[in-house]
Amino acid sequence: MSELKQIYNTRIELKKTELSDVKKRLKAISLLRLSLFLAAFCAIYLSKNNIQQVLIILGFSTLLFVFLISVYNQLKSKKKYLEAYITENTNEINALKGVFTPFQNGQHYFEDEHAFSLDIDLFGSQSFFHQLNRTKTSIGEEKLASYLNSNDINGVEIKQKIIQEFSDNLDWRQHFQVTASLTDKSFHPKTLVSWMTSYQPVLSKKLKLLPYIISALSLIVITLNAFDVISTKTLMLYFFIGLTISGAYFKRITTIYTSASKAKDMLSSYSKLLDLIEKSNFNTPGIKDEFSSIQNEHASPSVSLKKLTVIIERMGQRNNLLLAPISNGFMLTDIKYALKMEDWIEKNKLLISKWFETIAFTDAYLSFANYNFNHPLHTCPIIENDKKSTLNAANLRHPLINIEVSIPNSIQINTTDFIIITGANMAGKSTFLRTVALNLVMANCGLKVAAKSFLYRPLKLISSMRTSDSLLNDESYFFSELKRLKHIVTQLEQDEYFIILDEILKGTNSKDKAEGSALFVERLINSNATGLIATHDLSLCTLSTKFTQIKNHYFDAEIINNELFFDYTFKNGICQNMNASFLLKKMEII
């Protein structure tokens with residue numbers, strides 16, 4: 001961890017030096033602008049009797065002032081970027097200490113009927129998503145959550161290579177993330193895609209040449225008026241004819257502009273992200289295929305989005321009460337840029353969704369890459385080609401528990417095997433179930449896992465650990481659990497899953513629970529299912545005499561000097577020590 005902290009600190013110090021220089025230059029340009037203004041004012045005052053000199057001074061100082069403003073704005077943007085860069089690396093240092101408050105925890109990505117997300121602390125405060133998430137765009141965050149929820153076991157090795165190459169390219173990765181962090185998040189890209197996909201033109205293409213014809217005629221009319229060939233009255237009549245034409249389309253153009261203008265800042269930022277993607281040079285097929293899929297032989301996506309941004313900005317001139325009437329009266333600018341907007345939509349509305357998809361893919365995978373980079377002690381899972389084995393993990397740990405206090409355990413489970421885990425209260429059964437489950441989800445996503453070694457056969461995960469009753473749906477706890485178990489059985493009929501169960505049938509009496517649990521486990525064994533079940537019911541362990549697929553393991557607890565001691569170690573056999581009575585007495589409940 002000290003090496004990682006040093007890496008981030010070095011990057012912070014470099015950018016602080018650069019930021020200090022930028023701040024000095026901003027101050028210098030501010031002073032220069034003020035000096036230019038005062039100098040121009042004095043020069044104009046001294047030359048007030050010479051109109052020609054006044055115009056020359058005014059024109060030159062205006063051009064220089066505009067140039068200085070341009071340089072100032074560029075430096076201001078750079079300052080904003082450097083500050084975001086420093087914040088990004090500072091957040092990573094804090095994350096190494098276990099502080100994840102700057103990152104979204106994904107609480108709203110819970111799915112009630114999901115195969116496992118409710119059981120393994122996948123979303124919510126201090127969840128895995130909370131530790132993992134470094135996405136900067138709304139679509140990237142959604143994509144990251146969808147990857148975790150997907151239960152997708154295809155192409156694991158490809159995913160690993162994608163994550164590895166992104167992880168190795170720290171400079172590019174952070175450049176993309178910092179640029180993305182400056183993105184306007186007030187407007188969701190899906191809203192724009194939906195609008196464009198369903199958009200129907202409101203202007204006729206026959207109008208395309210009209211603004212250019214009117215502009216050319218305007219130049220002629222204004223020139224003729226300047227040489228007194230036509231009267232000012234005629235010029236004004238011509239002007240109002242142009243305004244009337246523009247006014248006829250005012251409402252329709254307003255509808256277009258209102259919808260598009262909300263996305264202007266977002267489009268500008270996404271154009272920069274696409275530019276970074278287009279100029280990248282990655283070798284992994286998974287990245288190259290994704291990035292090349294958005295290339296266009298006519299114009300790159302970044303250039304196309306930038307062009308759209310310019311069109312929206314030009315349309316925005318209609319809000320200038322001084323310039324808008326003149327430009328519309330003499331050049332029909334509203335019609336001109338509205339037609340350009342509709343032309344852009346027609347050419348790109350089927351492409352823009354894919355552009356955003358590639359940004360989301362990149363943003364999500366950079367979070368995976370960042371996680372791998374921050375966890376150098378994790379190991380990359382090896383895919384098991386022997387279908388007889390499902391999982392063989394050494395020194396497996398829970399990814400959310402500090403490595404200094406977590407107890408590693410090893411597990412080996414073959415295909416069609418089912419491990420029954422018994423143990424005392426608080427001995428570590430449930431934590432171990434979640435350890436296995438979360439590491440399986442991570443492995444399926446292509447991530448490194450918290451283990452010394454991890455050889456596995458990719459399997460979808462399904463679990464039942466945190467079933468609850470529902471007052472809203474008038475469901476008892478027992479009925480909710482039965483529904484969950486029914487769902488598991490149904491899914492097993494359709495596909496192969498790794499099953500994790502924690503104390504099933506808790507909502508009924510002991511005798512009924514023991515009989516029902518035994519019958520359900522037998523059903524799973526007959527379905528050739530593979531997985532783990534934790535229970536306090538020792539009678540389930542006797543199933544191992546009937547089914548060779550069933551293996552018994554346990555977590556132990558010992559009472560030493562009238563104190564309860566846990567070693568949190570996964571052992572072969574059946575637990576013999578229970579501690580409920582001891583805890584009741586120890587806490588003076590009985």
# chains A, B, ... in the order shown; residues from 1 in each chain; ligands from 1

$ select_by_dssp --residues "region 133-304 of chain A" --states "alpha helix (DSSP H)" --output "NGL selection string"
:A and (138-149 or 156-168 or 170-181 or 189-197 or 210-226 or 232-248 or 250-261 or 264-278 or 285-292 or 301-304)

$ closest_atom_pairs --of "region 133-195 of chain A" --to "region 342-345 of chain A" --cutoff "12 Å" --atoms "only C-alpha atoms" --output "tab-separated table"
residue	atom	partner	partner_atom	distance
A:Leu192	CA	A:Ile345	CA	10.7
A:Val193	CA	A:Ile345	CA	10.0
A:Ser194	CA	A:Ile345	CA	11.7
A:Trp195	CA	A:Ile345	CA	9.9

$ residues_around --residues "Glu515 (chain A)" --least-positions-apart "3" --cutoff "12 Å" --atoms "only C-alpha atoms" --output "PyMOL selection string"
chain A and resi 504-505+508-512+518-522+537-540+543

$ residues_around --residues "Glu88 (chain A)" --least-positions-apart "2" --cutoff "12 Å" --atoms "only C-alpha atoms" --output "PyMOL selection string"
chain A and resi 8-9+11-12+15+81-86+90-95+102-103+134-136+173-182+370

$ write_last_selection --atoms "N, CA and C atoms" --output "compact mmCIF listing (two decimals), in the first residue's frame"
# COMPACT_ATOMS: atom_id res chain seq x y z
N TYR A 8 0.53 7.83 -6.08
CA TYR A 8 -0.49 8.88 -6.11
C TYR A 8 0.06 10.21 -5.60
N ASN A 9 0.88 10.17 -4.55
CA ASN A 9 1.48 11.40 -4.02
C ASN A 9 2.39 12.07 -5.04
N ARG A 11 2.13 11.97 -8.27
CA ARG A 11 1.28 12.58 -9.29
C ARG A 11 0.65 13.87 -8.76
N ILE A 12 0.28 13.87 -7.49
CA ILE A 12 -0.29 15.07 -6.89
C ILE A 12 0.73 16.20 -6.87
N LYS A 15 1.36 17.75 -10.33
CA LYS A 15 0.25 18.59 -10.79
C LYS A 15 0.11 19.85 -9.94
N TYR A 81 -8.92 21.45 -14.74
CA TYR A 81 -8.48 20.07 -14.99
C TYR A 81 -7.46 19.64 -13.94
N LEU A 82 -6.47 20.49 -13.67
CA LEU A 82 -5.41 20.14 -12.71
C LEU A 82 -5.98 19.96 -11.31
N GLU A 83 -6.92 20.81 -10.94
CA GLU A 83 -7.56 20.67 -9.62
C GLU A 83 -8.32 19.35 -9.52
N ALA A 84 -9.00 18.99 -10.61
CA ALA A 84 -9.73 17.71 -10.63
C ALA A 84 -8.75 16.54 -10.58
N TYR A 85 -7.61 16.68 -11.24
CA TYR A 85 -6.58 15.63 -11.25
C TYR A 85 -6.04 15.41 -9.84
N ILE A 86 -5.78 16.50 -9.15
CA ILE A 86 -5.27 16.41 -7.77
C ILE A 86 -6.31 15.77 -6.86
N THR A 90 -5.98 12.34 -4.71
CA THR A 90 -6.20 12.45 -3.27
C THR A 90 -7.27 11.48 -2.81
N ASN A 91 -8.33 11.35 -3.62
CA ASN A 91 -9.39 10.40 -3.30
C ASN A 91 -8.87 8.96 -3.29
N GLU A 92 -7.93 8.65 -4.19
CA GLU A 92 -7.36 7.30 -4.23
C GLU A 92 -6.53 7.02 -2.98
N ILE A 93 -5.80 8.02 -2.50
CA ILE A 93 -5.03 7.84 -1.26
C ILE A 93 -5.97 7.59 -0.09
N ASN A 94 -7.06 8.35 -0.04
CA ASN A 94 -8.04 8.16 1.03
C ASN A 94 -8.73 6.79 0.91
N ALA A 95 -8.94 6.34 -0.34
CA ALA A 95 -9.57 5.03 -0.55
C ALA A 95 -8.68 3.91 -0.02
N PRO A 102 -16.33 9.94 -1.32
CA PRO A 102 -16.51 10.71 -2.57
C PRO A 102 -17.20 9.93 -3.67
N PHE A 103 -17.35 8.62 -3.51
CA PHE A 103 -17.86 7.78 -4.59
C PHE A 103 -19.30 7.35 -4.33
N ARG A 134 -15.50 4.04 -9.70
CA ARG A 134 -14.75 5.26 -10.03
C ARG A 134 -15.33 5.90 -11.29
N THR A 135 -16.53 5.50 -11.67
CA THR A 135 -17.13 6.05 -12.88
C THR A 135 -17.41 7.53 -12.71
N LYS A 136 -17.35 8.25 -13.82
CA LYS A 136 -17.54 9.70 -13.80
C LYS A 136 -18.77 10.15 -14.59
N ARG A 173 -5.56 6.25 -18.30
CA ARG A 173 -6.74 5.97 -17.48
C ARG A 173 -7.14 7.20 -16.66
N GLN A 174 -6.18 7.81 -16.00
CA GLN A 174 -6.51 8.97 -15.17
C GLN A 174 -6.86 10.19 -16.01
N HIS A 175 -6.23 10.31 -17.18
CA HIS A 175 -6.57 11.42 -18.07
C HIS A 175 -8.04 11.32 -18.50
N PHE A 176 -8.46 10.12 -18.86
CA PHE A 176 -9.86 9.91 -19.25
C PHE A 176 -10.78 10.19 -18.07
N GLN A 177 -10.44 9.66 -16.90
CA GLN A 177 -11.31 9.80 -15.73
C GLN A 177 -11.43 11.26 -15.28
N VAL A 178 -10.32 12.00 -15.31
CA VAL A 178 -10.37 13.41 -14.91
C VAL A 178 -11.18 14.22 -15.93
N THR A 179 -10.96 13.94 -17.21
CA THR A 179 -11.73 14.63 -18.26
C THR A 179 -13.22 14.32 -18.09
N ALA A 180 -13.52 13.06 -17.80
CA ALA A 180 -14.92 12.66 -17.61
C ALA A 180 -15.52 13.27 -16.35
N SER A 181 -14.69 13.50 -15.33
CA SER A 181 -15.20 14.08 -14.08
C SER A 181 -15.70 15.50 -14.27
N LEU A 182 -15.24 16.15 -15.34
CA LEU A 182 -15.67 17.53 -15.62
C LEU A 182 -16.93 17.56 -16.50
N ASN A 370 -8.94 0.22 -12.10
CA ASN A 370 -8.48 0.93 -10.92
C ASN A 370 -8.48 0.02 -9.70

$ atom_distance --atom1 "CA of Ala451 (chain A)" --atom2 "CA of Thr435 (chain A)"
10.3 Å

$ residues_around --residues "Ile213 (chain A)" --least-positions-apart "5" --cutoff "12 Å" --atoms "only C-alpha atoms" --output "VMD selection string"
chain A and resid 207 to 208 218 to 220 242 330 to 333 336

$ closest_atom_pairs --of "region 304-418 of chain A" --to "region 486-502 of chain A" --cutoff "10 Å" --atoms "only C-alpha atoms" --output "Markdown table"
| residue | atom | partner | partner_atom | distance |
| --- | --- | --- | --- | --- |
| A:Thr390 | CA | A:Phe498 | CA | 8.7 |
| A:Thr415 | CA | A:Phe498 | CA | 9.5 |
| A:Thr416 | CA | A:Phe498 | CA | 9.6 |
| A:Phe418 | CA | A:Ile499 | CA | 8.8 |

$ residues_around --residues "Tyr371 (chain A)" --least-positions-apart "5" --cutoff "9 Å" --atoms "only C-alpha atoms" --output "PyMOL selection string"
chain A and resi 131-134+167+366+447-448

$ decode --residues "region 140-181 of chain A" --atoms "N, CA and C atoms" --output "PDB file, in the first residue's frame"
ATOM      1  N   GLY A 140     -21.746   5.480 -17.441  1.00  0.00           N
ATOM      2  CA  GLY A 140     -20.673   4.594 -17.000  1.00  0.00           C
ATOM      3  C   GLY A 140     -21.024   3.904 -15.700  1.00  0.00           C
ATOM      4  N   GLU A 141     -21.633   4.658 -14.788  1.00  0.00           N
ATOM      5  CA  GLU A 141     -22.048   4.085 -13.508  1.00  0.00           C
ATOM      6  C   GLU A 141     -23.107   3.013 -13.709  1.00  0.00           C
ATOM      7  N   GLU A 142     -24.060   3.288 -14.581  1.00  0.00           N
ATOM      8  CA  GLU A 142     -25.105   2.304 -14.871  1.00  0.00           C
ATOM      9  C   GLU A 142     -24.522   1.053 -15.514  1.00  0.00           C
ATOM     10  N   LYS A 143     -23.541   1.260 -16.393  1.00  0.00           N
ATOM     11  CA  LYS A 143     -22.909   0.122 -17.058  1.00  0.00           C
ATOM     12  C   LYS A 143     -22.139  -0.734 -16.047  1.00  0.00           C
ATOM     13  N   LEU A 144     -21.437  -0.088 -15.117  1.00  0.00           N
ATOM     14  CA  LEU A 144     -20.686  -0.814 -14.092  1.00  0.00           C
ATOM     15  C   LEU A 144     -21.629  -1.660 -13.241  1.00  0.00           C
ATOM     16  N   ALA A 145     -22.743  -1.080 -12.829  1.00  0.00           N
ATOM     17  CA  ALA A 145     -23.728  -1.824 -12.042  1.00  0.00           C
ATOM     18  C   ALA A 145     -24.307  -2.990 -12.836  1.00  0.00           C
ATOM     19  N   SER A 146     -24.535  -2.773 -14.116  1.00  0.00           N
ATOM     20  CA  SER A 146     -25.101  -3.842 -14.947  1.00  0.00           C
ATOM     21  C   SER A 146     -24.114  -4.998 -15.103  1.00  0.00           C
ATOM     22  N   TYR A 147     -22.813  -4.687 -15.190  1.00  0.00           N
ATOM     23  CA  TYR A 147     -21.802  -5.742 -15.268  1.00  0.00           C
ATOM     24  C   TYR A 147     -21.824  -6.603 -14.000  1.00  0.00           C
ATOM     25  N   LEU A 148     -21.939  -5.956 -12.831  1.00  0.00           N
ATOM     26  CA  LEU A 148     -21.961  -6.694 -11.571  1.00  0.00           C
ATOM     27  C   LEU A 148     -23.231  -7.526 -11.435  1.00  0.00           C
ATOM     28  N   ASN A 149     -24.333  -6.994 -11.912  1.00  0.00           N
ATOM     29  CA  ASN A 149     -25.623  -7.678 -11.792  1.00  0.00           C
ATOM     30  C   ASN A 149     -25.861  -8.732 -12.874  1.00  0.00           C
ATOM     31  N   SER A 150     -25.034  -8.724 -13.906  1.00  0.00           N
ATOM     32  CA  SER A 150     -25.367  -9.472 -15.119  1.00  0.00           C
ATOM     33  C   SER A 150     -25.314 -10.989 -14.959  1.00  0.00           C
ATOM     34  N   ASN A 151     -24.477 -11.510 -14.036  1.00  0.00           N
ATOM     35  CA  ASN A 151     -24.280 -12.956 -13.916  1.00  0.00           C
ATOM     36  C   ASN A 151     -23.758 -13.535 -15.227  1.00  0.00           C
ATOM     37  N   ASP A 152     -22.994 -12.726 -15.939  1.00  0.00           N
ATOM     38  CA  ASP A 152     -22.461 -13.142 -17.240  1.00  0.00           C
ATOM     39  C   ASP A 152     -21.141 -13.879 -17.041  1.00  0.00           C
ATOM     40  N   ILE A 153     -21.067 -15.125 -17.535  1.00  0.00           N
ATOM     41  CA  ILE A 153     -19.851 -15.935 -17.375  1.00  0.00           C
ATOM     42  C   ILE A 153     -19.112 -16.120 -18.694  1.00  0.00           C
ATOM     43  N   ASN A 154     -19.517 -15.407 -19.716  1.00  0.00           N
ATOM     44  CA  ASN A 154     -18.883 -15.536 -21.031  1.00  0.00           C
ATOM     45  C   ASN A 154     -17.648 -14.631 -21.126  1.00  0.00           C
ATOM     46  N   GLY A 155     -16.634 -15.107 -21.811  1.00  0.00           N
ATOM     47  CA  GLY A 155     -15.467 -14.290 -22.115  1.00  0.00           C
ATOM     48  C   GLY A 155     -14.707 -13.776 -20.918  1.00  0.00           C
ATOM     49  N   VAL A 156     -14.595 -14.565 -19.858  1.00  0.00           N
ATOM     50  CA  VAL A 156     -13.910 -14.105 -18.650  1.00  0.00           C
ATOM     51  C   VAL A 156     -12.453 -13.742 -18.939  1.00  0.00           C
ATOM     52  N   GLU A 157     -11.771 -14.550 -19.730  1.00  0.00           N
ATOM     53  CA  GLU A 157     -10.367 -14.279 -20.033  1.00  0.00           C
ATOM     54  C   GLU A 157     -10.201 -12.998 -20.846  1.00  0.00           C
ATOM     55  N   ILE A 158     -11.148 -12.717 -21.726  1.00  0.00           N
ATOM     56  CA  ILE A 158     -11.116 -11.472 -22.500  1.00  0.00           C
ATOM     57  C   ILE A 158     -11.301 -10.286 -21.557  1.00  0.00           C
ATOM     58  N   LYS A 159     -12.234 -10.419 -20.623  1.00  0.00           N
ATOM     59  CA  LYS A 159     -12.463  -9.354 -19.640  1.00  0.00           C
ATOM     60  C   LYS A 159     -11.194  -9.093 -18.828  1.00  0.00           C
ATOM     61  N   GLN A 160     -10.526 -10.171 -18.441  1.00  0.00           N
ATOM     62  CA  GLN A 160      -9.293 -10.032 -17.656  1.00  0.00           C
ATOM     63  C   GLN A 160      -8.241  -9.243 -18.428  1.00  0.00           C
ATOM     64  N   LYS A 161      -8.110  -9.514 -19.714  1.00  0.00           N
ATOM     65  CA  LYS A 161      -7.108  -8.826 -20.536  1.00  0.00           C
ATOM     66  C   LYS A 161      -7.463  -7.353 -20.727  1.00  0.00           C
ATOM     67  N   ILE A 162      -8.747  -7.069 -20.891  1.00  0.00           N
ATOM     68  CA  ILE A 162      -9.187  -5.676 -21.020  1.00  0.00           C
ATOM     69  C   ILE A 162      -8.827  -4.901 -19.760  1.00  0.00           C
ATOM     70  N   ILE A 163      -9.185  -5.477 -18.623  1.00  0.00           N
ATOM     71  CA  ILE A 163      -8.918  -4.815 -17.338  1.00  0.00           C
ATOM     72  C   ILE A 163      -7.417  -4.644 -17.125  1.00  0.00           C
ATOM     73  N   GLN A 164      -6.640  -5.657 -17.482  1.00  0.00           N
ATOM     74  CA  GLN A 164      -5.191  -5.598 -17.270  1.00  0.00           C
ATOM     75  C   GLN A 164      -4.546  -4.480 -18.085  1.00  0.00           C
ATOM     76  N   GLU A 165      -4.948  -4.345 -19.363  1.00  0.00           N
ATOM     77  CA  GLU A 165      -4.314  -3.302 -20.178  1.00  0.00           C
ATOM     78  C   GLU A 165      -4.729  -1.910 -19.714  1.00  0.00           C
ATOM     79  N   PHE A 166      -5.977  -1.746 -19.350  1.00  0.00           N
ATOM     80  CA  PHE A 166      -6.401  -0.454 -18.798  1.00  0.00           C
ATOM     81  C   PHE A 166      -5.654  -0.163 -17.496  1.00  0.00           C
ATOM     82  N   SER A 167      -5.469  -1.195 -16.677  1.00  0.00           N
ATOM     83  CA  SER A 167      -4.786  -1.020 -15.397  1.00  0.00           C
ATOM     84  C   SER A 167      -3.330  -0.613 -15.606  1.00  0.00           C
ATOM     85  N   ASP A 168      -2.689  -1.171 -16.619  1.00  0.00           N
ATOM     86  CA  ASP A 168      -1.279  -0.870 -16.897  1.00  0.00           C
ATOM     87  C   ASP A 168      -1.075   0.550 -17.425  1.00  0.00           C
ATOM     88  N   ASN A 169      -2.116   1.120 -18.017  1.00  0.00           N
ATOM     89  CA  ASN A 169      -2.010   2.460 -18.611  1.00  0.00           C
ATOM     90  C   ASN A 169      -2.575   3.515 -17.665  1.00  0.00           C
ATOM     91  N   LEU A 170      -1.870   3.747 -16.578  1.00  0.00           N
ATOM     92  CA  LEU A 170      -2.341   4.668 -15.536  1.00  0.00           C
ATOM     93  C   LEU A 170      -2.509   6.091 -16.061  1.00  0.00           C
ATOM     94  N   ASP A 171      -1.569   6.571 -16.881  1.00  0.00           N
ATOM     95  CA  ASP A 171      -1.653   7.948 -17.387  1.00  0.00           C
ATOM     96  C   ASP A 171      -2.914   8.152 -18.214  1.00  0.00           C
ATOM     97  N   TRP A 172      -3.139   7.247 -19.181  1.00  0.00           N
ATOM     98  CA  TRP A 172      -4.323   7.386 -20.032  1.00  0.00           C
ATOM     99  C   TRP A 172      -5.593   7.225 -19.209  1.00  0.00           C
ATOM    100  N   ARG A 173      -5.560   6.251 -18.303  1.00  0.00           N
ATOM    101  CA  ARG A 173      -6.742   5.970 -17.480  1.00  0.00           C
ATOM    102  C   ARG A 173      -7.140   7.199 -16.660  1.00  0.00           C
ATOM    103  N   GLN A 174      -6.177   7.805 -16.000  1.00  0.00           N
ATOM    104  CA  GLN A 174      -6.511   8.969 -15.169  1.00  0.00           C
ATOM    105  C   GLN A 174      -6.861  10.189 -16.015  1.00  0.00           C
ATOM    106  N   HIS A 175      -6.234  10.307 -17.184  1.00  0.00           N
ATOM    107  CA  HIS A 175      -6.572  11.421 -18.072  1.00  0.00           C
ATOM    108  C   HIS A 175      -8.035  11.323 -18.504  1.00  0.00           C
ATOM    109  N   PHE A 176      -8.460  10.117 -18.860  1.00  0.00           N
ATOM    110  CA  PHE A 176      -9.862   9.906 -19.248  1.00  0.00           C
ATOM    111  C   PHE A 176     -10.783  10.189 -18.069  1.00  0.00           C
ATOM    112  N   GLN A 177     -10.439   9.657 -16.897  1.00  0.00           N
ATOM    113  CA  GLN A 177     -11.307   9.805 -15.727  1.00  0.00           C
ATOM    114  C   GLN A 177     -11.427  11.265 -15.285  1.00  0.00           C
ATOM    115  N   VAL A 178     -10.325  11.995 -15.313  1.00  0.00           N
ATOM    116  CA  VAL A 178     -10.371  13.411 -14.913  1.00  0.00           C
ATOM    117  C   VAL A 178     -11.175  14.216 -15.927  1.00  0.00           C
ATOM    118  N   THR A 179     -10.957  13.942 -17.214  1.00  0.00           N
ATOM    119  CA  THR A 179     -11.734  14.629 -18.256  1.00  0.00           C
ATOM    120  C   THR A 179     -13.216  14.322 -18.087  1.00  0.00           C
ATOM    121  N   ALA A 180     -13.522  13.063 -17.802  1.00  0.00           N
ATOM    122  CA  ALA A 180     -14.919  12.662 -17.611  1.00  0.00           C
ATOM    123  C   ALA A 180     -15.519  13.270 -16.350  1.00  0.00           C
ATOM    124  N   SER A 181     -14.688  13.505 -15.333  1.00  0.00           N
ATOM    125  CA  SER A 181     -15.197  14.076 -14.077  1.00  0.00           C
ATOM    126  C   SER A 181     -15.700  15.496 -14.268  1.00  0.00           C
TER     127      SER A 181
END
